file data_34.txt (compact mmCIF, C-alpha atoms)
# COMPACT_ATOMS: atom_id res chain seq x y z
CA MET A 1 0.00 0.00 0.00
CA GLU A 2 2.83 2.39 0.77
CA GLU A 3 4.25 1.97 -2.74
CA LEU A 4 0.85 2.44 -4.36
CA CYS A 5 0.24 5.65 -2.38
CA TYR A 6 3.65 6.99 -3.36
CA HIS A 7 3.33 6.21 -7.06
CA SER A 8 -0.25 7.50 -7.17
CA GLY A 9 0.82 10.75 -5.48
CA GLN A 10 3.76 11.04 -7.87
CA ALA A 11 1.42 10.64 -10.86
CA LEU A 12 -0.95 13.31 -9.51
CA MET A 13 1.95 15.68 -8.88
CA GLU A 14 3.14 15.22 -12.49
CA THR A 15 -0.36 15.68 -13.91
CA LEU A 16 -1.28 18.83 -11.97
CA GLY A 17 2.21 20.34 -11.85
CA LEU A 18 2.35 20.30 -8.04
CA THR A 19 5.62 21.02 -6.22
CA HIS A 20 5.10 18.22 -3.69
CA ILE A 21 3.74 14.70 -3.69
CA PRO A 22 0.35 14.71 -1.91
CA ASP A 23 -0.02 12.28 0.95
CA PHE A 24 -2.45 9.54 -0.11
CA GLN A 25 -4.15 7.16 2.29
CA VAL A 26 -5.75 3.76 1.72
CA GLU A 27 -8.79 2.68 3.72
CA VAL A 28 -10.23 -0.83 3.89
CA ILE A 29 -13.90 -1.59 4.48
CA GLU A 30 -14.61 -3.85 7.44
CA ASP A 31 -18.15 -4.45 8.72
CA GLY A 32 -19.33 -1.62 6.48
CA LYS A 33 -16.93 0.93 8.02
CA PRO A 34 -13.68 2.38 6.60
CA PHE A 35 -10.42 1.86 8.50
CA ALA A 36 -7.01 3.26 7.58
CA ALA A 37 -4.80 0.51 6.17
CA GLU A 38 -1.29 -0.02 7.52
CA LYS A 39 1.63 0.80 5.24
CA GLU A 40 2.53 -2.89 5.02
CA PHE A 41 -1.05 -3.91 4.14
CA ILE A 42 -1.16 -6.24 1.12
CA CYS A 43 -4.41 -6.07 -0.80
CA GLY A 44 -6.06 -8.92 -2.63
CA THR A 45 -9.43 -10.47 -3.34
CA GLN A 46 -9.81 -11.25 0.39
CA CYS A 47 -10.34 -7.49 0.78
CA PRO A 48 -12.13 -6.58 -2.46
CA LEU A 49 -12.98 -2.91 -1.78
CA LEU A 50 -10.52 -0.13 -0.97
CA LEU A 51 -10.89 3.64 -0.68
CA ILE A 52 -7.96 5.80 -1.79
CA GLY A 53 -7.64 9.57 -1.50
CA PHE A 54 -6.01 12.40 0.44
CA ARG A 55 -5.33 11.72 4.09
CA ASP A 56 -7.98 13.02 6.51
CA MET A 57 -10.15 14.35 3.67
CA GLU A 58 -13.36 13.31 1.96
CA GLY A 59 -13.57 12.53 -1.73
CA LYS A 60 -11.84 9.15 -1.96
CA VAL A 61 -12.20 6.89 -4.98
CA LYS A 62 -13.27 3.25 -4.81
CA VAL A 63 -10.92 0.50 -5.94
CA LEU A 64 -12.46 -2.91 -6.62
CA LEU A 65 -10.31 -6.04 -6.74
CA TYR A 66 -11.53 -9.25 -8.34
CA ASP A 67 -10.12 -12.43 -9.79
CA VAL A 68 -10.76 -13.59 -13.35
CA PRO A 69 -10.33 -17.37 -13.45
CA LEU A 70 -9.09 -19.38 -16.40
CA GLY A 71 -11.86 -20.11 -18.85
CA THR A 72 -13.73 -16.85 -18.34
CA VAL A 73 -11.27 -14.40 -19.92
CA ALA A 74 -11.77 -12.79 -23.30
CA PRO A 75 -9.56 -13.93 -26.20
CA GLY A 76 -6.08 -12.43 -25.95
CA GLU A 77 -6.33 -11.73 -22.21
CA ASP A 78 -4.74 -13.55 -19.30
CA PRO A 79 -6.53 -14.77 -16.16
CA GLY A 80 -5.68 -13.30 -12.77
CA LEU A 81 -6.28 -10.31 -10.55
CA ARG A 82 -8.09 -7.28 -11.98
CA THR A 83 -8.59 -3.80 -10.56
CA SER A 84 -11.43 -1.41 -11.37
CA ILE A 85 -11.36 2.19 -10.20
CA LEU A 86 -14.64 4.05 -9.62
CA ALA A 87 -14.04 7.79 -9.56
CA GLY A 88 -17.64 8.99 -9.70
CA GLU A 89 -19.27 11.15 -12.33
CA GLY A 90 -19.11 14.93 -12.46
CA GLU A 91 -16.40 15.19 -9.79
CA PRO A 92 -13.23 16.54 -11.47
CA LEU A 93 -10.84 16.00 -8.57
CA LYS A 94 -12.01 12.42 -8.07
CA LEU A 95 -11.34 11.84 -11.77
CA ALA A 96 -7.79 13.12 -11.30
CA ILE A 97 -7.27 10.97 -8.20
CA GLY A 98 -8.71 7.88 -9.88
CA SER A 99 -6.53 8.41 -12.95
CA SER A 100 -3.47 8.88 -10.75
CA VAL A 101 -4.21 5.66 -8.84
CA ALA A 102 -4.53 3.85 -12.19
CA MET A 103 -1.18 5.27 -13.32
CA GLY A 104 0.48 4.40 -10.02
CA LEU A 105 -0.83 0.83 -10.09
CA ALA A 106 0.16 0.37 -13.75
CA ARG A 107 3.68 1.59 -12.99
CA LEU A 108 3.96 -0.80 -10.07
CA GLN A 109 2.70 -3.77 -12.09
CA ASP A 110 4.34 -2.72 -15.36
CA SER A 111 0.95 -3.08 -17.02
CA SER A 112 -1.40 -1.07 -19.21
CA ILE A 113 -4.64 0.71 -18.25
CA ARG A 114 -7.96 -0.30 -19.79
CA ASP A 115 -10.36 2.45 -20.88
CA ASN A 116 -13.27 0.35 -22.11
CA ASN A 117 -15.64 3.32 -22.39
CA LEU A 118 -13.07 5.34 -24.40
CA PHE A 119 -13.42 8.23 -21.95
CA PHE A 120 -9.87 9.43 -22.66
CA GLY A 121 -9.82 8.96 -26.42
CA SER A 122 -10.04 6.36 -29.16
CA SER A 123 -7.70 3.77 -27.60
CA PRO A 124 -9.10 1.22 -25.12
CA GLU A 125 -5.63 0.54 -23.72
CA LEU A 126 -3.19 3.18 -22.45
CA SER A 127 0.22 3.32 -20.85
CA PRO A 128 0.56 5.47 -17.70
CA GLU A 129 2.23 8.24 -19.69
CA GLU A 130 -0.44 8.10 -22.40
CA LEU A 131 -3.14 8.40 -19.75
CA ARG A 132 -1.38 11.37 -18.15
CA ARG A 133 -1.21 13.18 -21.49
CA ALA A 134 -4.82 12.30 -22.32
CA LEU A 135 -6.01 13.65 -18.97
CA ARG A 136 -4.16 16.93 -19.45
CA GLN A 137 -5.71 17.31 -22.90
CA HIS A 138 -9.22 16.33 -21.78
CA GLY A 139 -12.02 18.88 -21.82
CA LEU A 140 -12.46 18.48 -18.05
CA PHE A 141 -8.85 19.27 -17.21
CA ARG A 142 -9.53 22.96 -16.54
CA ASP A 143 -12.25 21.94 -14.08
CA ILE A 144 -9.76 19.55 -12.46
CA GLN A 145 -7.22 22.37 -12.08
CA GLU A 146 -9.81 24.66 -10.49
CA ALA A 147 -10.95 21.96 -8.08
CA ALA A 148 -7.34 21.16 -7.14
CA LYS A 149 -6.56 24.84 -6.59
CA LYS A 150 -9.47 25.24 -4.19
CA MET A 151 -8.65 22.03 -2.39
CA PHE A 152 -4.93 22.69 -1.96
CA PHE A 153 -5.47 26.25 -0.78
CA ARG A 154 -7.88 25.04 1.86
CA THR A 155 -6.49 21.61 2.64
CA PRO A 156 -5.32 20.90 6.17
CA LEU A 157 -1.56 20.66 6.52
CA SER A 158 -1.90 16.98 7.38
CA ALA A 159 -2.65 16.30 3.70
CA PHE A 160 1.05 16.67 2.93
CA GLU A 161 3.75 14.21 3.88
CA PRO A 162 5.76 15.41 6.94
CA GLU A 163 9.00 16.14 5.10
CA ALA A 164 7.28 18.14 2.37
CA LEU A 165 5.21 19.96 4.98
CA ARG A 166 8.34 20.93 6.92
CA ALA A 167 9.93 22.28 3.72
CA LEU A 168 6.83 24.43 3.11
CA GLN A 169 6.90 25.76 6.67
CA ILE A 170 10.59 26.65 6.44
CA GLU A 171 10.08 28.50 3.17
CA GLU A 172 7.27 30.53 4.74
CA GLN A 173 9.56 31.43 7.65
CA ILE A 174 12.32 32.42 5.24
CA ASP A 175 9.98 34.83 3.47
CA LYS A 176 8.90 36.43 6.75
CA VAL A 177 12.43 36.80 8.11
CA MET A 178 13.64 38.22 4.79
CA VAL A 179 10.94 40.90 4.81
CA ASP A 180 11.84 41.87 8.40
CA MET A 181 15.60 42.02 7.90
CA LEU A 182 15.47 43.92 4.59
CA GLY A 183 12.70 46.22 5.83
CA LEU A 184 14.81 47.16 8.85
CA ILE A 185 17.67 48.10 6.56
CA LYS A 186 15.41 50.25 4.41
CA VAL A 187 13.55 52.02 7.24
CA SER A 188 16.07 52.15 10.10
CA ARG A 189 19.33 51.89 8.15
CA ARG A 190 20.34 49.08 10.49
CA VAL A 191 21.60 45.54 9.99
CA ASP A 192 20.15 43.13 12.56
CA GLY A 193 22.65 40.31 13.02
CA LYS A 194 20.10 38.09 14.78
CA LEU A 195 17.65 38.29 11.88
CA PHE A 196 20.39 37.49 9.37
CA GLY A 197 21.53 34.62 11.58
CA LYS A 198 18.01 33.21 11.68
CA PHE A 199 17.74 33.60 7.91
CA TYR A 200 20.97 31.66 7.31
CA GLY A 201 19.89 28.94 9.74
CA LEU A 202 16.60 28.42 7.90
CA LEU A 203 18.43 28.53 4.58
CA ASP A 204 20.85 25.80 5.68
CA GLU A 205 17.93 23.65 6.81
CA VAL A 206 16.29 23.92 3.39
CA ILE A 207 19.54 23.20 1.53
CA SER A 208 20.27 20.12 3.63
CA GLY A 209 16.71 18.77 3.42
CA GLY A 210 15.65 15.85 1.26
CA LYS A 211 13.08 17.90 -0.66
CA MET A 212 15.59 20.18 -2.41
CA ASP A 213 14.50 19.50 -6.01
CA GLU A 214 15.69 21.52 -9.00
CA GLU A 215 12.64 23.80 -9.06
CA ARG A 216 13.00 24.69 -5.38
CA LYS A 217 16.74 25.15 -5.79
CA GLY A 218 16.18 27.54 -8.70
CA ASN A 219 13.63 29.57 -6.72
CA LEU A 220 15.98 29.76 -3.75
CA MET A 221 18.89 30.86 -5.93
CA GLY A 222 16.71 33.60 -7.39
CA LEU A 223 15.81 34.78 -3.90
CA LEU A 224 19.46 34.89 -2.82
CA LEU A 225 20.41 36.80 -5.96
CA LEU A 226 17.66 39.33 -5.24
CA ILE A 227 18.92 39.80 -1.67
CA HIS A 228 22.49 40.11 -2.92
CA GLU A 229 21.55 42.88 -5.35
CA TYR A 230 19.43 44.64 -2.73
CA LEU A 231 22.21 44.65 -0.14
CA SER A 232 24.79 45.78 -2.70
CA GLU A 233 22.63 48.75 -3.70
CA GLU A 234 21.80 49.71 -0.10
CA ALA A 235 25.49 49.58 0.82
CA LYS A 236 26.06 52.54 -1.52
CA ARG A 237 23.76 54.64 0.68
CA PHE A 238 25.24 53.68 4.06
CA THR A 239 27.76 55.89 5.83
CA ASP A 240 29.39 52.73 7.15
CA PRO A 241 28.65 49.99 4.59
CA LYS A 242 30.90 47.39 6.26
CA PRO A 243 28.00 45.40 7.92
CA LEU A 244 26.20 45.18 4.59
CA HIS A 245 29.36 44.14 2.75
CA GLU A 246 29.80 41.35 5.29
CA GLU A 247 26.29 40.07 4.61
CA VAL A 248 26.84 40.35 0.85
CA ALA A 249 29.91 38.13 1.25
CA ARG A 250 27.90 35.58 3.23
CA ILE A 251 25.13 35.51 0.63
CA LYS A 252 27.74 34.93 -2.07
CA GLY A 253 29.14 32.07 0.00
CA LYS A 254 25.71 30.44 0.28
CA MET A 255 25.16 30.77 -3.45
CA LYS A 256 28.60 29.31 -4.16
CA ALA A 257 27.75 26.32 -1.96
CA MET A 258 24.66 25.81 -4.11
CA GLY A 259 26.62 25.92 -7.35
CA LEU A 260 26.48 29.58 -8.43
CA GLU A 261 29.64 31.65 -8.02
CA LEU A 262 29.29 35.43 -8.43
CA PRO A 263 32.24 37.66 -9.36
call {"tool": "encode", "arguments": {"input": "data_34.txt", "output": "structure tokens"}}
result
Amino acid sequence: MEELCYHSGQALMETLGLTHIPDFQVEVIEDGKPFAAEKEFICGTQCPLLLIGFRDMEGKVKVLLYDVPLGTVAPGEDPGLRTSILAGEGEPLKLAIGSSVAMGLARLQDSSIRDNNLFFGSSPELSPEELRRALRQHGLFRDIQEAAKKMFFRTPLSAFEPEALRALQIEEQIDKVMVDMLGLIKVSRRVDGKLFGKFYGLLDEVISGGKMDEERKGNLMGLLLLIHEYLSEEAKRFTDPKPLHEEVARIKGKMKAMGLELP
């Protein structure tokens, strides 16, 4: 289940252009009630109905598991376990989640995805990448984007995996500290060493974290370059520019550590 949640979240992130993998959760139905499945839970026909969606949120899709025995399969097909995903009608975000679960499962099993009703186009069989492209080109994709935007702006923080959530929190703190330390320079003509120290500490935590992908790295480099230019310009207006020059040197050092060396 842990692998399916990861690959399904990865597929949704790719489809919607998210910066983080959403935290999916699997629920099993026992005595008519849903219960969160353990990460090590192995599904099969002994537990034919699963619910998959965002953790602690409504709007999960149904996943049906069933076995097709030898002698009942259509020509050209093999017997064995089958999975059907019911995403509901007229619910854009459920469609995106269901499609992502299908892509995640197909990637895990190295199999194709059946589209018997030709909802995504003229082909009844799609690879995960073909399904992702078809979904992005579908007439409902704009509705999916709008639904995702509303959901992610309002979603509880528990919907994100802990490491990704921590990265988001640190970035928010960086923005706040940056505004305070640069605003103080502009208004009071003063360099606050404690604020700069806090900024560098948060920066180091982001750089050393496991969620430092290329997009985040590029955004962070752009932020550091902006601060570097700001401090360099403000130093020209200071009677004693030495404190600002010291911070400029530190910013350059951070950027060098990240792979960009300024003259």
call {"tool": "closest_residue", "arguments": {"input": "data_34.txt", "among": "A:Phe120, A:Gln25, A:Leu220, A:Lys60", "to": "A:His138", "atoms": "all atoms listed in the file"}}
result
A:Phe120
call {"tool": "closest_residue", "arguments": {"input": "data_34.txt", "among": "A:Lys186, A:Arg237, A:Arg107, A:Lys94", "to": "A:Gln145", "atoms": "all atoms listed in the file"}}
result
A:Lys94
call {"tool": "closest_residue", "arguments": {"input": "data_34.txt", "among": "A:Met258, A:Ala249, A:Ile170, A:Val177", "to": "A:Lys217", "atoms": "only C-alpha atoms"}}
result
A:Met258
call {"tool": "residues_around", "arguments": {"input": "data_34.txt", "residues": "A:Arg136", "least_positions_apart": "3", "cutoff": "10 Å", "atoms": "only C-alpha atoms", "output": "list of chain:residue names"}}
result
A:Thr15, A:Leu16, A:Ala96, A:Phe120, A:Leu131, A:Arg132, A:Arg133, A:Gly139, A:Leu140, A:Phe141, A:Arg142, A:Ile144, A:Gln145
call {"tool": "write_last_selection", "arguments": {"input": "data_34.txt", "atoms": "C-alpha atoms", "output": "mmCIF file, in the coordinates of the input"}}
result
data_model
loop_
_atom_site.group_PDB
_atom_site.id
_atom_site.type_symbol
_atom_site.label_atom_id
_atom_site.label_comp_id
_atom_site.auth_asym_id
_atom_site.auth_seq_id
_atom_site.Cartn_x
_atom_site.Cartn_y
_atom_site.Cartn_z
ATOM 1 C CA THR A 15 -0.360 15.680 -13.910
ATOM 2 C CA LEU A 16 -1.280 18.830 -11.970
ATOM 3 C CA ALA A 96 -7.790 13.120 -11.300
ATOM 4 C CA PHE A 120 -9.870 9.430 -22.660
ATOM 5 C CA LEU A 131 -3.140 8.400 -19.750
ATOM 6 C CA ARG A 132 -1.380 11.370 -18.150
ATOM 7 C CA ARG A 133 -1.210 13.180 -21.490
ATOM 8 C CA GLY A 139 -12.020 18.880 -21.820
ATOM 9 C CA LEU A 140 -12.460 18.480 -18.050
ATOM 10 C CA PHE A 141 -8.850 19.270 -17.210
ATOM 11 C CA ARG A 142 -9.530 22.960 -16.540
ATOM 12 C CA ILE A 144 -9.760 19.550 -12.460
ATOM 13 C CA GLN A 145 -7.220 22.370 -12.080
#
call {"tool": "closest_residue", "arguments": {"input": "data_34.txt", "among": "A:Glu261, A:Glu129, A:Glu247, A:Asp110", "to": "A:Gly197", "atoms": "all atoms listed in the file"}}
result
A:Glu247
call {"tool": "residues_around", "arguments": {"input": "data_34.txt", "residues": "A:Gln173", "least_positions_apart": "6", "cutoff": "12 Å", "atoms": "all atoms listed in the file", "output": "list in words"}}
result
Arg166, Ala167, Val179, Asp180, Leu195, Lys198, Phe199, Tyr200, Gly201, Leu202, Leu203, Glu205 and Val206 of chain A
call {"tool": "axis_aligned_box", "arguments": {"input": "data_34.txt", "around": "stretch 178-195 of chain A", "padding_each_side": "3 Å", "output": "lines of an AutoDock Vina configuration file"}}
result
center_x = 16.8
center_y = 45.1
center_z = 9.6
size_x = 17.7
size_y = 20.1
size_z = 16.4
call {"tool": "residues_around", "arguments": {"input": "data_34.txt", "residues": "A:Ser123", "least_positions_apart": "6", "cutoff": "12 Å", "atoms": "only C-alpha atoms", "output": "list in words"}}
result
Ser112, Ile113, Arg114, Asp115, Asn116, Asn117, Glu130, Leu131 and Ala134 of chain A
call {"tool": "atom_distance", "arguments": {"input": "data_34.txt", "atom1": "atom CA of A:Val26", "atom2": "atom CA of A:Val101"}}
result
10.8 Å
call {"tool": "closest_residue", "arguments": {"input": "data_34.txt", "among": "A:Gly218, A:Gly9, A:Gly121, A:Gly59", "to": "A:Gly259", "atoms": "only C-alpha atoms"}}
result
A:Gly218
call {"tool": "closest_residue", "arguments": {"input": "data_34.txt", "among": "A:Thr239, A:Cys5, A:Glu246, A:Leu225", "to": "A:Leu262", "atoms": "only C-alpha atoms"}}
result
A:Leu225
call {"tool": "atom_distance", "arguments": {"input": "data_34.txt", "atom1": "atom CA of A:Pro22", "atom2": "atom CA of A:Met221"}}
result
24.9 Å
call {"tool": "residues_near_point", "arguments": {"input": "data_34.txt", "point": "(-7.6, 3.3, 2.5)", "cutoff": "8 Å", "atoms": "only C-alpha atoms", "output": "ChimeraX atom specification"}}
result
/A:25-28,34-37,50-53
call {"tool": "residues_around", "arguments": {"input": "data_34.txt", "residues": "A:Leu182", "least_positions_apart": "5", "cutoff": "9 Å", "atoms": "all atoms listed in the file", "output": "PyMOL selection string"}}
result
chain A and resi 177+187+191+227+230-231
